[in-house]
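Peer 1: Handing you a structure now.
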Amino acid sequence: MIINCMTRFIACTHSAEPREPIVEHRLSRRQQEVLELPASRRRKCRGPAGSGKTHLAIEVAKREALAGREVLILVHNITMRNRYRDLISRSAPTFERRLIAVATFHSMVGDALRTLKESERQDRATAESLLRSYSHQANQIGGDDTATESAIDFLRSAPQEPALQYDAVVIDEAQDFKANWMEAIEHFFKREAGAYYVFADEAQNVFSRPADKEGRSSTNVAGQWFHLPAVFRHCGVLGEFCRQYRQLILNTDEEDYQNTADFEATEVQIMQNCSDLESESVSIVRDLYTKFPDDTIAIVGSAVGLLVKVASIISNDPRIRMARTVETENERKWILENVIKDAREDVDEAFDKARFLSEIQSYLTGGERERRIQEGKQMSNEALVYKYELQRRKLQRSFKNAFPSPFARVWVATIHSMKGLQADHVIFLHDEQQTGEAYHELVYTAITRAKKTLTILDTKETEMLSEALARAS
């Protein structure tokens, strides 16, 4: 029975927000309307960051479980999966929790491949080969989804479907999912008459997924979006700053956007032309850590190298309890030393350590490996560079599996890893070099993690952020 192995999804040893009281969240009248499913038992909801989509999704899952139905909650990243497991384990009775599974889409596809590999009616060799490629993709450089698409194609062509179906499926952060992933979810993981809930915010489309003709997140649920306008995370200057950025920069059209949080005061500070972002951010962390002993502090950004430096400095301060999704510089050195040791033993005595170190540095700071691949060339130590990066990604994944920790008040994480999470104080390391199609969506996701104060550190003057703050003030 699928229910007997489901508790592994809910097992949780950490608290996403350890100092937040465990209280039942009262749903607003608008949120309660979401629970009134139409005859089709399909509903899609959209709302800005902090509008309660996560708590509403949990309430949906609890009500379905209370009726004796098996529920699957699907998210895109590991850290948000951790948050869901934690919140459910603290708020739902045991009998309800046993009926609720929380997983990432990629892990569910991997489980589907495993069930088919064990079936006598399947092409076991193909399933096992795909499973190896799929497992390797979890630590793959560049985040390529080729193995995912191949796995979905294989599952569709299989003579029998994987036995992993549920009475209700809830998808959160649906803007992160591809359209064919949603079709696969409904086909493989939802029973024919099951309920189907989708929650999204197109302003947080950090993977640049194609939108529908109205500019909303593309889903396989027909009809109008159910809009959640009220924001409960922040208010005051901070809430208005996030609203102005959403409307001015992302061109959203919510005229009924409402900041309804009850904090007495909020603050937004933009520190421009900072020459040393890591030192400045650590100084602010130490000040906040002393001034607000019960609050959580998050340092977020998209430049991993910068976050590594910040985490390295904080890790040397025994007073600060920190959780992170990136490695420190000492851990990078440890990985590098092991790769070099293996190279000397397995390659030859002519191994050029200096050249290898130069290639590693180019890869980490300038994307040298990607450029050479695009040009059809290889680095002289391509296999070793790849081995180093593979080990580094595995270490990062282990951090994400334990993030955030109940014992940490300071979090250092990429913007992607902070999706779905929030902190009392957020320090955003703004890096305009991290451009791309989803640049503005990443910035919006970063600034909306804050509940009380937001500090933006920038290496130059940023007109769009200054304009949003001026209008908010």
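Identifiers for the structure tokens are assigned positionally: chains receive A, B, ... in sequence, residues are indexed from 1 per chain, and ligands are indexed from 1 in the order shown.
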List as a list of chain:residue names the protein and nucleic acid residues near Val410 of chain A, meaning an atom at most 7 Å away when only C-alpha atoms are counted, but skip any in the same chain fewer than 2 places from it.
Peer 2: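 My reading of the contact set: A:Thr296, A:Ile297, A:Ala298, A:Arg321, A:Met322, A:Ala323, A:Ala408, A:Val412.
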Peer 1: Please tabulate, as a tab-separated table, the residues of segment 138-253 of chain A that come within 10 Å of segment 60-72 of chain A, each with its closest pair of atoms and the distance in Å to one decimal, counting only C-alpha atoms and ordering rows by chain, then residue number upward.
Peer 2:
residue	atom	partner	partner_atom	distance
A:Leu164	CA	A:Leu72	CA	9.7
A:Gln165	CA	A:Leu72	CA	8.6
A:Tyr166	CA	A:Glu70	CA	5.3
A:Asp167	CA	A:Glu70	CA	5.2
A:Ala168	CA	A:Val71	CA	4.8
A:Val169	CA	A:Leu72	CA	4.8
A:Val170	CA	A:Leu72	CA	6.2
A:Ile171	CA	A:Leu72	CA	8.4
A:Phe189	CA	A:Leu72	CA	8.1
A:Lys190	CA	A:Leu72	CA	8.5
A:Gly194	CA	A:Arg69	CA	9.1
A:Ala195	CA	A:Glu64	CA	8.8
A:Tyr196	CA	A:Leu72	CA	9.8
A:Tyr197	CA	A:Val60	CA	8.4
Peer 1: Hey, which of A:Met182, A:Val285, A:Leu357, A:Val339 ends up closest to Arg319 of chain A? Count only C-alpha atoms.
Peer 2: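 Going through A:Met182, A:Val285, A:Leu357, A:Val339 one by one, the smallest distance to Arg319 of chain A is for A:Val285.
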Peer 1: So the first atom is atom CA of Thr266 of chain A and the second is atom CA of Ser51 of chain A; what is the distance between them in Å, to one decimal place?
Peer 2: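 According to the coordinates, atom CA of Thr266 of chain A and atom CA of Ser51 of chain A are separated by 17.5 Å.
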Peer 1: Got a sec: who's within 9 Å of Asp176 of chain A, counting only C-alpha atoms, leaving out chain neighbours fewer than 5 positions off, as JSON, numbers by chain?
Peer 2: {"A": [75, 76, 200, 204, 205, 206, 207, 208, 209, 217]}
Peer 1: Tell me, as a list in words, which residues lie within 9 Å of Leu277 of chain A, counting only C-alpha atoms; anything in the same chain fewer than 6 positions away does not count.
Peer 2: Leu306, Val310, Leu429, Leu457, Asp458 and Thr459 of chain A
Peer 1: Measure the distance from atom CA of Ala203 of chain A to atom CA of Glu441 of chain A in Å and round it to one decimal.
Peer 2: 5.7 Å
Peer 1: Can you list, as a PDB file with N, CA and C atoms, in the first residue's frame, every protein, DNA or RNA residue that comes within 8 Å of segment 79-84 of chain A when you count only C-alpha atoms, leaving out same-chain residues fewer than 4 positions away?
Peer 2:
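Below you can see result-v2.pdb, which holds the result:
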ATOM      1  N   CYS A  12      10.330  15.039   9.391  1.00  0.00           N
ATOM      2  CA  CYS A  12      10.997  16.339   9.382  1.00  0.00           C
ATOM      3  C   CYS A  12      11.699  16.568  10.705  1.00  0.00           C
ATOM      4  N   SER A  15      12.705  22.924  11.681  1.00  0.00           N
ATOM      5  CA  SER A  15      11.584  23.845  11.608  1.00  0.00           C
ATOM      6  C   SER A  15      11.923  24.976  10.673  1.00  0.00           C
ATOM      7  N   ALA A  16      11.055  25.225   9.693  1.00  0.00           N
ATOM      8  CA  ALA A  16      11.339  26.266   8.713  1.00  0.00           C
ATOM      9  C   ALA A  16      11.442  27.638   9.366  1.00  0.00           C
ATOM     10  N   THR A  54       0.879  29.255   0.553  1.00  0.00           N
ATOM     11  CA  THR A  54       1.395  28.041   1.200  1.00  0.00           C
ATOM     12  C   THR A  54       0.454  27.548   2.289  1.00  0.00           C
ATOM     13  N   ILE A  58      -1.801  24.067   2.399  1.00  0.00           N
ATOM     14  CA  ILE A  58      -1.786  23.114   3.514  1.00  0.00           C
ATOM     15  C   ILE A  58      -3.197  22.875   4.028  1.00  0.00           C
ATOM     16  N   LEU A  74       3.078  18.915  -4.444  1.00  0.00           N
ATOM     17  CA  LEU A  74       4.272  18.973  -5.279  1.00  0.00           C
ATOM     18  C   LEU A  74       4.834  20.384  -5.324  1.00  0.00           C
ATOM     19  N   VAL A  75       6.145  20.503  -5.133  1.00  0.00           N
ATOM     20  CA  VAL A  75       6.849  21.779  -5.238  1.00  0.00           C
ATOM     21  C   VAL A  75       8.058  21.569  -6.140  1.00  0.00           C
ATOM     22  N   ILE A  88       3.360  21.015   8.056  1.00  0.00           N
ATOM     23  CA  ILE A  88       2.341  19.970   8.178  1.00  0.00           C
ATOM     24  C   ILE A  88       2.582  19.138   9.435  1.00  0.00           C
ATOM     25  N   VAL A 102       4.551  14.958   0.617  1.00  0.00           N
ATOM     26  CA  VAL A 102       5.143  16.189   0.098  1.00  0.00           C
ATOM     27  C   VAL A 102       6.424  15.818  -0.626  1.00  0.00           C
ATOM     28  N   ALA A 103       6.565  16.248  -1.861  1.00  0.00           N
ATOM     29  CA  ALA A 103       7.737  15.876  -2.648  1.00  0.00           C
ATOM     30  C   ALA A 103       7.985  16.912  -3.732  1.00  0.00           C
ATOM     31  N   THR A 104       9.185  16.871  -4.283  1.00  0.00           N
ATOM     32  CA  THR A 104       9.462  17.678  -5.473  1.00  0.00           C
ATOM     33  C   THR A 104       9.007  16.886  -6.696  1.00  0.00           C
ATOM     34  N   LYS A 400      21.010  21.805   1.353  1.00  0.00           N
ATOM     35  CA  LYS A 400      19.619  22.132   1.052  1.00  0.00           C
ATOM     36  C   LYS A 400      18.664  21.149   1.723  1.00  0.00           C
ATOM     37  N   ASN A 401      19.077  19.888   1.812  1.00  0.00           N
ATOM     38  CA  ASN A 401      18.226  18.885   2.454  1.00  0.00           C
ATOM     39  C   ASN A 401      18.025  19.164   3.938  1.00  0.00           C
ATOM     40  N   ALA A 402      18.911  19.948   4.537  1.00  0.00           N
ATOM     41  CA  ALA A 402      18.803  20.275   5.967  1.00  0.00           C
ATOM     42  C   ALA A 402      18.482  21.745   6.194  1.00  0.00           C
ATOM     43  N   PHE A 403      18.074  22.455   5.153  1.00  0.00           N
ATOM     44  CA  PHE A 403      17.852  23.909   5.276  1.00  0.00           C
ATOM     45  C   PHE A 403      16.367  24.210   5.328  1.00  0.00           C
ATOM     46  N   PRO A 404      15.969  25.202   6.196  1.00  0.00           N
ATOM     47  CA  PRO A 404      16.773  25.825   7.242  1.00  0.00           C
ATOM     48  C   PRO A 404      16.753  25.008   8.516  1.00  0.00           C
ATOM     49  N   SER A 417      16.702  29.104  -3.549  1.00  0.00           N
ATOM     50  CA  SER A 417      16.511  28.271  -2.361  1.00  0.00           C
ATOM     51  C   SER A 417      15.614  28.928  -1.326  1.00  0.00           C
ATOM     52  N   MET A 418      15.462  30.252  -1.393  1.00  0.00           N
ATOM     53  CA  MET A 418      14.612  30.963  -0.431  1.00  0.00           C
ATOM     54  C   MET A 418      13.166  31.075  -0.896  1.00  0.00           C
ATOM     55  N   LYS A 419      12.864  30.591  -2.092  1.00  0.00           N
ATOM     56  CA  LYS A 419      11.484  30.654  -2.568  1.00  0.00           C
ATOM     57  C   LYS A 419      10.574  29.917  -1.590  1.00  0.00           C
ATOM     58  N   GLY A 420       9.481  30.582  -1.208  1.00  0.00           N
ATOM     59  CA  GLY A 420       8.538  29.986  -0.271  1.00  0.00           C
ATOM     60  C   GLY A 420       8.877  30.222   1.182  1.00  0.00           C
ATOM     61  N   LEU A 421      10.077  30.738   1.461  1.00  0.00           N
ATOM     62  CA  LEU A 421      10.495  31.011   2.833  1.00  0.00           C
ATOM     63  C   LEU A 421      10.419  32.510   3.114  1.00  0.00           C
TER      64      LEU A 421
END
Peer 1: Compile the contact shell of segment 218-233 of chain A as a PyMOL selection string: residues with an atom at most 9 Å away, counting only C-alpha atoms, same-chain residues fewer than 3 positions apart removed.
Peer 2: chain A and resi 30-31+34+42-53+174-175+177-180+182-183+186+196-198+209-213+215+239+254-262+422+448-452
Peer 1: Restricted to C-alpha atoms, what would the selected residues look like written as a CSV table (one decimal), in the first residue's frame?
Peer 2:
chain,number,residue,atom,x,y,z
A,30,ARG,CA,-11.4,35.2,0.1
A,31,GLN,CA,-9.2,32.3,1.0
A,34,VAL,CA,-10.8,28.7,-2.7
A,42,ARG,CA,-10.1,21.8,-10.3
A,43,ARG,CA,-9.0,25.2,-9.0
A,44,LYS,CA,-6.1,27.5,-9.9
A,45,CYS,CA,-5.2,30.4,-7.6
A,46,ARG,CA,-2.7,33.2,-8.1
A,47,GLY,CA,-1.5,35.9,-5.6
A,48,PRO,CA,1.6,38.0,-4.8
A,49,ALA,CA,4.3,36.8,-2.4
A,50,GLY,CA,3.0,36.7,1.1
A,51,SER,CA,-0.7,36.2,0.2
A,52,GLY,CA,-0.9,33.0,2.1
A,53,LYS,CA,-0.7,30.5,-0.8
A,174,ALA,CA,3.3,26.4,-10.4
A,175,GLN,CA,5.0,29.1,-12.4
A,177,PHE,CA,6.7,24.0,-13.7
A,178,LYS,CA,6.8,23.4,-17.4
A,179,ALA,CA,3.4,22.8,-19.1
A,180,ASN,CA,4.2,19.2,-20.1
A,182,MET,CA,1.7,19.5,-15.3
A,183,GLU,CA,0.2,17.2,-17.9
A,186,GLU,CA,-2.2,14.7,-13.8
A,196,TYR,CA,-6.4,19.3,-8.6
A,197,TYR,CA,-5.3,22.6,-7.0
A,198,VAL,CA,-2.7,24.9,-8.6
A,209,ARG,CA,8.6,29.5,-18.2
A,210,PRO,CA,6.3,30.5,-21.1
A,211,ALA,CA,3.1,32.3,-20.0
A,212,ASP,CA,-0.4,31.9,-21.3
A,213,LYS,CA,-2.0,34.5,-23.6
A,215,GLY,CA,0.5,36.7,-19.2
A,239,GLY,CA,4.9,46.3,1.7
A,254,GLU,CA,-3.6,44.0,-9.6
A,255,GLU,CA,-5.5,47.1,-8.7
A,256,ASP,CA,-6.8,45.4,-5.5
A,257,TYR,CA,-3.3,44.6,-4.1
A,258,GLN,CA,-3.5,45.0,-0.3
A,259,ASN,CA,-0.8,45.0,2.4
A,260,THR,CA,-2.6,43.7,5.6
A,261,ALA,CA,0.3,42.6,7.9
A,262,ASP,CA,0.1,44.0,11.5
A,422,GLN,CA,10.5,34.3,4.8
A,448,THR,CA,9.6,39.8,-0.8
A,449,ARG,CA,11.3,37.3,1.6
A,450,ALA,CA,11.4,40.1,4.2
A,451,LYS,CA,8.8,40.6,7.0
A,452,LYS,CA,10.2,43.6,8.9
Peer 1: One number please: atom CA of Glu149 of chain A to atom CA of Arg114 of chain A, in Å, one decimal.
Peer 2: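 Going from atom CA of Glu149 of chain A over to atom CA of Arg114 of chain A covers 16.1 Å.
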Peer 1: For Phe105 of chain A, which of A:Ile185, A:Leu465, A:Leu87, A:Ala163 is the closest residue, counting only C-alpha atoms?
Peer 2: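 Going through A:Ile185, A:Leu465, A:Leu87, A:Ala163 one by one, the smallest distance to Phe105 of chain A is for A:Ile185.
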Peer 1: Nearest to Arg409 of chain A: which of A:Glu331, A:Asp317, A:Asp295, A:Asp153 is it, counting only C-alpha atoms?
Peer 2: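 Counting only C-alpha atoms, the residue closest to Arg409 of chain A is A:Asp295.
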Peer 1: Excluding segment 443-447 of chain A and its own-chain neighbours fewer than 6 positions away, which residues fall within 9 Å of it when counting only C-alpha atoms? Please give them as a PyMOL selection string.
Peer 2: chain A and resi 49+203-206+238+241-242+245-246+250+300-301+414-416+418-419+426-428+430+454-456
